[in-house]
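Shown below: coords09.pdb, with PDB, C-alpha atoms.
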```pdb
ATOM      1  CA  MET A 166      89.862 124.744 123.435
ATOM      2  CA  LYS A 167      88.878 125.229 127.065
ATOM      3  CA  TRP A 168      86.791 122.707 128.976
ATOM      4  CA  ILE A 169      85.194 122.541 132.414
ATOM      5  CA  GLU A 170      86.686 119.711 134.457
ATOM      6  CA  VAL A 171      84.409 118.244 137.122
ATOM      7  CA  GLN A 172      86.284 116.079 139.637
ATOM      8  CA  VAL A 173      84.120 113.745 141.707
ATOM      9  CA  THR A 174      85.506 111.808 144.657
ATOM     10  CA  THR A 175      83.422 108.744 145.422
ATOM     11  CA  SER A 176      83.543 105.043 146.342
ATOM     12  CA  GLN A 177      84.458 102.005 144.262
ATOM     13  CA  GLU A 178      80.844 100.857 144.405
ATOM     14  CA  ALA A 179      79.595 104.087 142.824
ATOM     15  CA  GLU A 180      82.423 104.443 140.305
ATOM     16  CA  GLU A 181      80.623 103.144 137.218
ATOM     17  CA  ALA A 182      77.258 104.672 138.127
ATOM     18  CA  VAL A 183      78.899 108.094 138.466
ATOM     19  CA  SER A 184      80.699 107.770 135.118
ATOM     20  CA  ASN A 185      77.442 106.715 133.428
ATOM     21  CA  ILE A 186      75.634 109.774 134.814
ATOM     22  CA  MET A 187      78.430 111.979 133.465
ATOM     23  CA  HIS A 188      78.055 110.438 129.992
ATOM     24  CA  GLU A 189      74.285 110.877 130.074
ATOM     25  CA  LEU A 190      74.715 114.578 130.883
ATOM     26  CA  GLY A 191      76.873 115.074 127.788
ATOM     27  CA  ALA A 192      80.452 114.885 129.077
ATOM     28  CA  GLY A 193      82.963 115.116 126.253
ATOM     29  CA  GLY A 194      85.157 112.609 128.068
ATOM     30  CA  VAL A 195      85.382 110.739 131.361
ATOM     31  CA  VAL A 196      88.567 109.610 133.109
ATOM     32  CA  ILE A 197      88.643 107.331 136.174
ATOM     33  CA  LYS A 198      91.550 107.463 138.620
ATOM     34  CA  ASN A 199      91.406 104.252 140.664
ATOM     35  CA  PRO A 200      94.403 103.311 142.866
ATOM     36  CA  ASN A 201      93.375  99.639 142.702
ATOM     37  CA  ASP A 202      93.711  99.619 138.899
ATOM     38  CA  VAL A 203      97.238 100.952 139.259
ATOM     39  CA  LYS A 204      98.104  98.303 141.865
ATOM     40  CA  LEU A 205      96.903  95.584 139.496
ATOM     41  CA  LEU A 206      99.132  96.891 136.723
ATOM     42  CA  ALA A 207     102.043  97.421 139.101
ATOM     43  CA  GLN A 208     102.023  93.666 139.720
ATOM     44  CA  SER A 209     102.458  92.997 136.007
ATOM     45  CA  ASP A 210     105.312  93.796 133.648
ATOM     46  CA  ASN A 211     103.174  95.810 131.264
ATOM     47  CA  TRP A 212     103.852  99.359 132.405
ATOM     48  CA  ASP A 213     107.264 100.980 132.630
ATOM     49  CA  TYR A 214     106.352 104.087 134.629
ATOM     50  CA  PHE A 215     103.892 105.019 137.358
ATOM     51  CA  ASP A 216     103.058 108.500 138.553
ATOM     52  CA  PRO A 217     103.423 108.263 142.382
ATOM     53  CA  SER A 218     100.350 110.479 142.808
ATOM     54  CA  LEU A 219      98.203 107.629 141.438
ATOM     55  CA  PHE A 220      98.744 105.771 144.721
ATOM     56  CA  GLU A 221      97.509 108.668 146.864
ATOM     57  CA  GLU A 222      94.239 108.629 148.779
ATOM     58  CA  GLU A 223      93.804 104.869 148.742
ATOM     59  CA  GLY A 224      90.145 103.893 148.984
ATOM     60  CA  ASN A 225      88.928 106.995 147.153
ATOM     61  CA  ILE A 226      88.009 106.858 143.479
ATOM     62  CA  LYS A 227      88.234 110.044 141.453
ATOM     63  CA  VAL A 228      86.106 110.388 138.337
ATOM     64  CA  PHE A 229      86.770 113.329 136.026
ATOM     65  CA  ALA A 230      84.216 114.612 133.524
ATOM     66  CA  TYR A 231      84.945 117.212 130.856
ATOM     67  CA  PHE A 232      82.157 119.493 129.635
ATOM     68  CA  PRO A 233      82.430 122.105 126.877
ATOM     69  CA  ILE A 234      81.892 125.617 128.179
ATOM     70  CA  ALA A 235      78.303 126.550 127.388
ATOM     71  CA  SER A 236      75.384 128.490 128.845
ATOM     72  CA  ASP A 237      73.926 125.363 130.467
ATOM     73  CA  THR A 238      77.169 123.912 131.854
ATOM     74  CA  ILE A 239      76.490 125.038 135.424
ATOM     75  CA  ASP A 240      73.002 123.530 135.220
ATOM     76  CA  ARG A 241      74.496 120.209 134.107
ATOM     77  CA  ILE A 242      76.944 120.239 137.004
ATOM     78  CA  ASN A 243      74.148 120.879 139.492
ATOM     79  CA  ILE A 244      72.104 118.027 137.992
ATOM     80  CA  LEU A 245      75.195 115.802 138.174
ATOM     81  CA  LYS A 246      75.594 116.543 141.884
ATOM     82  CA  ASP A 247      71.907 115.864 142.595
ATOM     83  CA  ARG A 248      71.891 112.569 140.670
ATOM     84  CA  ILE A 249      75.006 111.290 142.422
ATOM     85  CA  VAL A 250      73.494 112.074 145.822
ATOM     86  CA  GLU A 251      70.293 110.361 144.630
ATOM     87  CA  LEU A 252      72.245 107.110 144.206
ATOM     88  CA  LYS A 253      72.033 106.714 147.985
ATOM     89  CA  THR A 254      68.281 106.183 147.696
ATOM     90  CA  PHE A 255      69.028 103.101 145.562
ATOM     91  CA  GLY A 256      71.329 101.679 148.211
ATOM     92  CA  VAL A 257      74.556 102.733 146.486
ATOM     93  CA  ASP A 258      77.344 103.826 148.827
ATOM     94  CA  ILE A 259      78.820 107.015 147.324
ATOM     95  CA  GLY A 260      81.613 107.156 149.919
ATOM     96  CA  ASN A 261      83.252 110.453 150.890
ATOM     97  CA  PHE A 262      81.514 112.290 148.074
ATOM     98  CA  ASP A 263      83.093 115.531 146.931
ATOM     99  CA  LEU A 264      82.774 117.604 143.745
ATOM    100  CA  LYS A 265      85.261 120.176 142.437
ATOM    101  CA  VAL A 266      85.141 122.284 139.286
ATOM    102  CA  SER A 267      88.014 123.838 137.312
ATOM    103  CA  GLU A 268      88.906 125.000 133.794
ATOM    104  CA  VAL A 269      91.439 123.034 131.687
ATOM    105  CA  ASP A 270      92.872 122.855 128.174
ATOM    106  CA  GLU A 271      91.746 119.978 125.959
ATOM    107  CA  ALA A 272      95.311 118.656 125.630
ATOM    108  CA  ASP A 273      95.457 118.091 129.375
ATOM    109  CA  TRP A 274      93.062 115.159 129.190
ATOM    110  CA  ALA A 275      92.234 114.126 125.636
ATOM    111  CA  SER A 276      95.457 112.325 124.716
ATOM    112  CA  ASN A 277      98.065 112.389 127.481
ATOM    113  CA  TRP A 278      96.601 109.369 129.336
ATOM    114  CA  LYS A 279      97.360 107.098 126.373
ATOM    115  CA  GLN A 280     101.072 106.963 127.215
ATOM    116  CA  TYR A 281     100.233 104.904 130.318
ATOM    117  CA  TYR A 282      97.907 102.383 128.643
ATOM    118  CA  LYS A 283      99.915  99.377 127.382
ATOM    119  CA  PRO A 284      99.100  95.836 126.120
ATOM    120  CA  LEU A 285      97.836  93.695 129.007
ATOM    121  CA  LYS A 286      97.558  89.901 129.167
ATOM    122  CA  ILE A 287      94.610  88.492 131.117
ATOM    123  CA  GLY A 288      93.972  84.837 131.857
ATOM    124  CA  LYS A 289      95.774  82.247 129.757
ATOM    125  CA  LYS A 290      95.589  83.797 126.303
ATOM    126  CA  ILE A 291      93.649  87.085 126.131
ATOM    127  CA  VAL A 292      95.720  90.185 125.372
ATOM    128  CA  ILE A 293      94.110  93.642 125.445
ATOM    129  CA  LYS A 294      96.012  95.815 122.975
ATOM    130  CA  PRO A 295      95.397  99.569 122.695
ATOM    131  CA  SER A 296      94.779 100.434 119.055
ATOM    132  CA  TRP A 297      97.796 102.770 118.988
ATOM    133  CA  GLU A 298     100.266 100.217 120.428
ATOM    134  CA  GLU A 299     102.304  97.554 118.598
ATOM    135  CA  TYR A 300     102.151  93.958 119.815
ATOM    136  CA  VAL A 301     103.184  90.621 118.279
ATOM    137  CA  SER A 302     100.977  87.666 119.183
ATOM    138  CA  GLN A 303     102.718  84.778 120.928
ATOM    139  CA  GLY A 304     101.465  81.204 120.628
ATOM    140  CA  GLU A 305      97.668  80.933 120.853
ATOM    141  CA  GLU A 306      97.094  84.414 122.246
ATOM    142  CA  ILE A 307      93.847  86.163 121.345
ATOM    143  CA  ILE A 308      94.430  89.842 120.609
ATOM    144  CA  ILE A 309      91.662  92.316 121.384
ATOM    145  CA  GLU A 310      92.219  95.704 119.740
ATOM    146  CA  LEU A 311      90.701  98.365 121.928
ATOM    147  CA  ASP A 312      90.215 102.098 122.007
ATOM    148  CA  PRO A 313      88.088 102.700 125.103
ATOM    149  CA  GLY A 314      87.262 106.266 124.102
ATOM    150  CA  MET A 315      84.621 107.542 126.524
ATOM    151  CA  ALA A 316      83.380 104.087 127.556
ATOM    152  CA  PHE A 317      84.013 101.899 130.587
ATOM    153  CA  GLY A 318      86.102  98.772 130.050
ATOM    154  CA  THR A 319      89.822  98.574 129.363
ATOM    155  CA  GLY A 320      90.548  95.256 131.049
ATOM    156  CA  THR A 321      92.526  96.843 133.872
ATOM    157  CA  HIS A 322      89.628  96.968 136.328
ATOM    158  CA  GLU A 323      89.180  93.909 138.547
ATOM    159  CA  THR A 324      85.538  93.499 137.519
ATOM    160  CA  THR A 325      86.389  93.346 133.807
ATOM    161  CA  LYS A 326      89.415  91.138 134.416
ATOM    162  CA  MET A 327      87.366  88.526 136.305
ATOM    163  CA  CYS A 328      84.745  88.496 133.546
ATOM    164  CA  LEU A 329      87.401  87.890 130.899
ATOM    165  CA  GLU A 330      88.886  85.047 132.921
ATOM    166  CA  PHE A 331      85.463  83.425 133.300
ATOM    167  CA  LEU A 332      84.619  83.888 129.615
ATOM    168  CA  GLU A 333      87.861  82.188 128.662
ATOM    169  CA  GLU A 334      86.554  79.108 130.495
ATOM    170  CA  ILE A 335      82.882  79.061 129.493
ATOM    171  CA  VAL A 336      82.669  80.349 125.910
ATOM    172  CA  ILE A 337      82.741  77.533 123.367
ATOM    173  CA  PRO A 338      81.755  77.368 119.664
ATOM    174  CA  GLU A 339      78.037  77.627 118.844
ATOM    175  CA  ARG A 340      77.209  79.512 122.036
ATOM    176  CA  ILE A 341      75.151  82.711 121.950
ATOM    177  CA  VAL A 342      76.221  85.501 124.323
ATOM    178  CA  PHE A 343      74.257  88.525 125.565
ATOM    179  CA  ASP A 344      76.455  91.335 126.966
ATOM    180  CA  VAL A 345      74.302  93.636 129.119
ATOM    181  CA  GLY A 346      75.872  97.047 129.779
ATOM    182  CA  CYS A 347      78.648  96.449 127.255
ATOM    183  CA  GLY A 348      80.662  99.648 127.804
ATOM    184  CA  SER A 349      83.628  99.597 125.426
ATOM    185  CA  GLY A 350      82.522  96.213 124.036
ATOM    186  CA  ILE A 351      85.523  94.402 125.471
ATOM    187  CA  LEU A 352      83.553  91.401 126.806
ATOM    188  CA  SER A 353      81.589  91.017 123.567
ATOM    189  CA  ILE A 354      84.741  91.124 121.468
ATOM    190  CA  ALA A 355      86.408  88.589 123.761
ATOM    191  CA  SER A 356      83.377  86.280 123.521
ATOM    192  CA  SER A 357      83.471  86.413 119.731
ATOM    193  CA  LYS A 358      87.200  85.752 119.542
ATOM    194  CA  LEU A 359      86.862  82.891 122.022
ATOM    195  CA  GLY A 360      84.506  81.173 119.581
ATOM    196  CA  ALA A 361      80.944  82.325 120.316
ATOM    197  CA  LYS A 362      78.571  81.870 117.385
ATOM    198  CA  GLU A 363      76.609  85.090 117.978
ATOM    199  CA  VAL A 364      77.135  87.991 120.389
ATOM    200  CA  TYR A 365      74.601  90.706 121.196
ATOM    201  CA  ALA A 366      75.923  93.746 123.073
ATOM    202  CA  ALA A 367      73.901  96.624 124.468
ATOM    203  CA  ASP A 368      74.279  99.665 126.682
ATOM    204  CA  ILE A 369      71.875 102.406 127.741
ATOM    205  CA  ASP A 370      74.552 105.053 127.110
ATOM    206  CA  GLU A 371      74.782 106.317 123.502
ATOM    207  CA  ALA A 372      78.501 107.086 123.819
ATOM    208  CA  SER A 373      79.233 103.530 124.959
ATOM    209  CA  VAL A 374      77.174 102.070 122.102
ATOM    210  CA  GLU A 375      79.153 104.096 119.566
ATOM    211  CA  VAL A 376      82.517 103.208 121.122
ATOM    212  CA  ALA A 377      81.568  99.518 121.263
ATOM    213  CA  ARG A 378      80.584  99.582 117.579
ATOM    214  CA  GLN A 379      83.894 101.185 116.653
ATOM    215  CA  ASN A 380      85.832  98.583 118.640
ATOM    216  CA  VAL A 381      83.893  95.734 117.009
ATOM    217  CA  GLU A 382      84.822  97.179 113.602
ATOM    218  CA  LEU A 383      88.421  97.621 114.748
ATOM    219  CA  ASN A 384      88.535  93.867 115.409
ATOM    220  CA  ASN A 385      86.835  93.002 112.087
ATOM    221  CA  LEU A 386      84.042  91.015 113.728
ATOM    222  CA  GLN A 387      80.846  90.212 111.845
ATOM    223  CA  ASN A 388      79.001  88.231 114.528
ATOM    224  CA  VAL A 389      78.761  90.974 117.183
ATOM    225  CA  LYS A 390      75.680  93.191 117.062
ATOM    226  CA  VAL A 391      75.700  96.376 119.178
ATOM    227  CA  PHE A 392      72.584  98.369 120.048
ATOM    228  CA  LYS A 393      71.048 100.601 122.697
ATOM    229  CA  SER A 394      69.005  98.923 125.413
ATOM    230  CA  ASP A 395      67.955  99.500 129.003
ATOM    231  CA  LEU A 396      69.264  96.230 130.417
ATOM    232  CA  LEU A 397      67.546  93.306 128.611
ATOM    233  CA  GLY A 398      64.671  95.380 127.243
ATOM    234  CA  GLU A 399      65.678  95.264 123.556
ATOM    235  CA  PHE A 400      67.211  91.764 123.487
ATOM    236  CA  ARG A 401      65.395  89.076 121.510
ATOM    237  CA  GLY A 402      65.618  85.289 121.680
ATOM    238  CA  LYS A 403      67.602  83.324 124.244
ATOM    239  CA  ALA A 404      71.287  83.074 125.053
ATOM    240  CA  ASP A 405      73.602  80.393 126.358
ATOM    241  CA  ILE A 406      75.452  83.023 128.401
ATOM    242  CA  ILE A 407      74.400  86.389 129.789
ATOM    243  CA  VAL A 408      77.246  88.529 131.093
ATOM    244  CA  ALA A 409      76.604  91.705 133.067
ATOM    245  CA  ASN A 410      79.464  93.753 134.477
ATOM    246  CA  ILE A 411      77.450  96.506 136.143
ATOM    247  CA  ILE A 412      76.698  97.252 139.824
ATOM    248  CA  ALA A 413      75.106  95.315 142.679
ATOM    249  CA  ASP A 414      71.643  96.885 142.455
ATOM    250  CA  VAL A 415      71.374  96.179 138.737
ATOM    251  CA  ILE A 416      72.585  92.590 139.195
ATOM    252  CA  ILE A 417      69.847  92.085 141.779
ATOM    253  CA  LYS A 418      67.262  93.337 139.288
ATOM    254  CA  LEU A 419      68.711  91.277 136.425
ATOM    255  CA  SER A 420      68.698  88.082 138.476
ATOM    256  CA  ALA A 421      64.927  87.898 138.214
ATOM    257  CA  GLU A 422      64.815  88.849 134.520
ATOM    258  CA  ALA A 423      67.782  86.897 133.134
ATOM    259  CA  PRO A 424      66.213  83.386 133.324
ATOM    260  CA  LYS A 425      63.595  84.385 130.724
ATOM    261  CA  TYR A 426      66.401  85.196 128.287
ATOM    262  CA  LEU A 427      68.485  82.075 128.925
ATOM    263  CA  LYS A 428      68.291  78.620 127.408
ATOM    264  CA  GLU A 429      67.962  75.580 129.659
ATOM    265  CA  GLU A 430      70.974  75.442 132.002
ATOM    266  CA  GLY A 431      72.157  78.755 130.559
ATOM    267  CA  LEU A 432      74.891  80.636 132.420
ATOM    268  CA  PHE A 433      74.640  84.023 134.147
ATOM    269  CA  LEU A 434      77.966  85.783 134.722
ATOM    270  CA  ALA A 435      77.584  88.792 137.008
ATOM    271  CA  SER A 436      80.368  91.161 138.004
ATOM    272  CA  GLY A 437      80.793  94.717 139.287
ATOM    273  CA  ILE A 438      79.676  93.591 142.754
ATOM    274  CA  ILE A 439      81.368  95.332 145.659
ATOM    275  CA  LYS A 440      82.335  92.804 148.352
ATOM    276  CA  SER A 441      80.276  94.502 151.037
ATOM    277  CA  ARG A 442      77.126  93.628 149.065
ATOM    278  CA  LYS A 443      78.107  90.123 147.962
ATOM    279  CA  GLU A 444      75.759  88.301 150.359
ATOM    280  CA  GLU A 445      72.822  90.508 149.405
ATOM    281  CA  VAL A 446      73.386  89.818 145.706
ATOM    282  CA  LEU A 447      73.956  86.109 146.293
ATOM    283  CA  GLN A 448      70.679  85.800 148.148
ATOM    284  CA  LYS A 449      68.804  87.115 145.109
ATOM    285  CA  VAL A 450      70.839  85.185 142.530
ATOM    286  CA  GLU A 451      70.252  81.920 144.376
ATOM    287  CA  GLU A 452      66.472  82.342 144.003
ATOM    288  CA  PHE A 453      66.806  81.738 140.275
ATOM    289  CA  PHE A 454      70.224  80.190 139.706
ATOM    290  CA  GLU A 455      72.578  77.536 140.976
ATOM    291  CA  VAL A 456      75.788  79.325 141.945
ATOM    292  CA  LEU A 457      78.764  77.550 140.384
ATOM    293  CA  GLN A 458      81.683  79.762 141.351
ATOM    294  CA  ILE A 459      82.515  83.033 143.081
ATOM    295  CA  ARG A 460      85.731  84.942 142.440
ATOM    296  CA  GLU A 461      87.082  87.887 144.359
ATOM    297  CA  GLU A 462      89.771  90.402 143.538
ATOM    298  CA  GLY A 463      90.494  93.595 145.408
ATOM    299  CA  GLU A 464      87.194  94.981 146.682
ATOM    300  CA  TRP A 465      85.126  93.251 144.003
ATOM    301  CA  CYS A 466      83.572  89.892 143.278
ATOM    302  CA  ALA A 467      82.073  88.072 140.296
ATOM    303  CA  ILE A 468      79.500  85.280 140.374
ATOM    304  CA  LEU A 469      79.048  82.524 137.786
ATOM    305  CA  SER A 470      75.709  80.721 138.043
ATOM    306  CA  ARG A 471      73.501  78.342 136.057
ATOM    307  CA  LYS A 472      69.778  78.593 135.393
ATOM    308  CA  LYS A 473      67.794  76.196 137.577
TER     309      LYS A 473
END
```

Whole structure, C-alpha cells version:
Amino acid sequence: MKWIEVQVTTSQEAEEAVSNIMHELGAGGVVIKNPNDVKLLAQSDNWDYFDPSLFEEEGNIKVFAYFPIASDTIDRINILKDRIVELKTFGVDIGNFDLKVSEVDEADWASNWKQYYKPLKIGKKIVIKPSWEEYVSQGEEIIIELDPGMAFGTGTHETTKMCLEFLEEIVIPERIVFDVGCGSGILSIASSKLGAKEVYAADIDEASVEVARQNVELNNLQNVKVFKSDLLGEFRGKADIIVANIIADVIIKLSAEAPKYLKEEGLFLASGIIKSRKEEVLQKVEEFFEVLQIREEGEWCAILSRKK
C-alpha cells in the first residue's frame, strides 16, 4: 500500500504540538526523529546499533506523518501547514519550519523502526520494555510493557524520562494520580505499578486514548481509567498528584486550573517545558504552587510543585 509521507522540520518546543496536529488530521502513523533522543540512548547500553544519519542536523526535529492517498489528502496537508504556522500566535517557537511531501510504501515506516527500540531502564527501578522484546526482571525492577503505536511517550524523550524519575519518588500507596495529556499511557502505567491507588489518564487525541487503553490492558492493570478530555475538562474529584507532560503554553494554562483538582498540599508535576521558557512558566506556577524542585535535561525542564 502506498502512503503520502509528510516530513516537517521544526523545533524541540513544537515537536509534540506538531505530532498532535498530525494525529488530529488523521495521520495513519507519526514518527519523530530527534537527535537528542538518540544521544540519550547512546549514553546507555540499551542499543547495539545507531544509524549515523540520526545525528545529522542537530537542533532540528523532524516529524513524519503518513496519510493514506485519498481525494482530500492535499487539503489535509495544507491545513497541517497552516495550523503549524498558527502555533506562532500562541507563542510556540516552530524553529526553521519546513514541510516536504513524498510517496512511500507502508513497509518503509510501519514496522522497521521497531528494530531500534529496546528495553530501557529509567531511574532506580523502572524498565520500559517494548511489547515485542524479551526481558527478565532483575531485583525490584518494575516492568512497563509498552507499544507506543501512534502515541507520544516511549520513555526515551527527556521530558518523559524526568517525569518517570519524579514519579518514582512521589508516588506512594493510596495516592490518586491524574495524567493530563497521557499519550501512550506510560506515566499512568508507571504510577499504577509504583503503587498508586487510582489513576485517571486522558488525552484530547483519539488515537492516543486508544493506544493508552491498549497499553493499560497489556500491563493487566485494573486501576487505570483512560478517557478523552481536553486537559482537565472531563476529570472528576481531586487527586494527590497531577502530572502533565505537554508544552509550556499548556502548563501555563493548567497552573491556574490544577489547584481546583488537587487535594490539600497536592503535587503538580509539569514537564515538556523548553528551557528558553522556563522562567515564564515558573512565574505562573509560583502564583498557585510552592516550587519544590526543578530538573533539567538536554533542552528541557520539569517542575515539581505543591499546592499552596

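When the distance limit is 9 Å and only C-alpha atoms are what count, the residues near segment 371-378 of chain A, minus those fewer than 3 positions from it on the same chain, are A:His188, A:Glu189, A:Asp312, A:Pro313, A:Gly314, A:Met315, A:Ala316, A:Phe317, A:Gly346, A:Cys347, A:Gly348, A:Ser349, A:Gly350, A:Ile351, A:Ser353, A:Ile354, A:Ala366, A:Ala367, A:Asp368, A:Val381, A:Glu382, A:Leu383, A:Val389, A:Lys390, A:Val391, A:Phe392, A:Lys393.
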
(request) Kindly resolve the PyMOL selection byres ((chain A and resi 228) around 7) on the present coordinates and return the residues as a ChimeraX atom specification. (result) /A:172-174,184,196-198,226-227,229-230

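Nearest residue to Arg442 of chain A among A:Ala413, A:Ala421, A:Leu457, A:Ala355 is A:Ala413, counting all atoms listed in the file.
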
Enclose all atoms of segment 253-269 of chain A listed in the file in an axis-aligned box, grow every side by 8 Å, and hand back centre and edge lengths in Å to one decimal, as lines of an AutoDock Vina configuration file.
```
center_x = 79.9
center_y = 113.3
center_z = 141.3
size_x = 39.2
size_y = 39.3
size_z = 35.2
```

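Note that the spacing between atom CA of Glu422 of chain A and atom CA of Val342 of chain A amounts to 15.7 Å.
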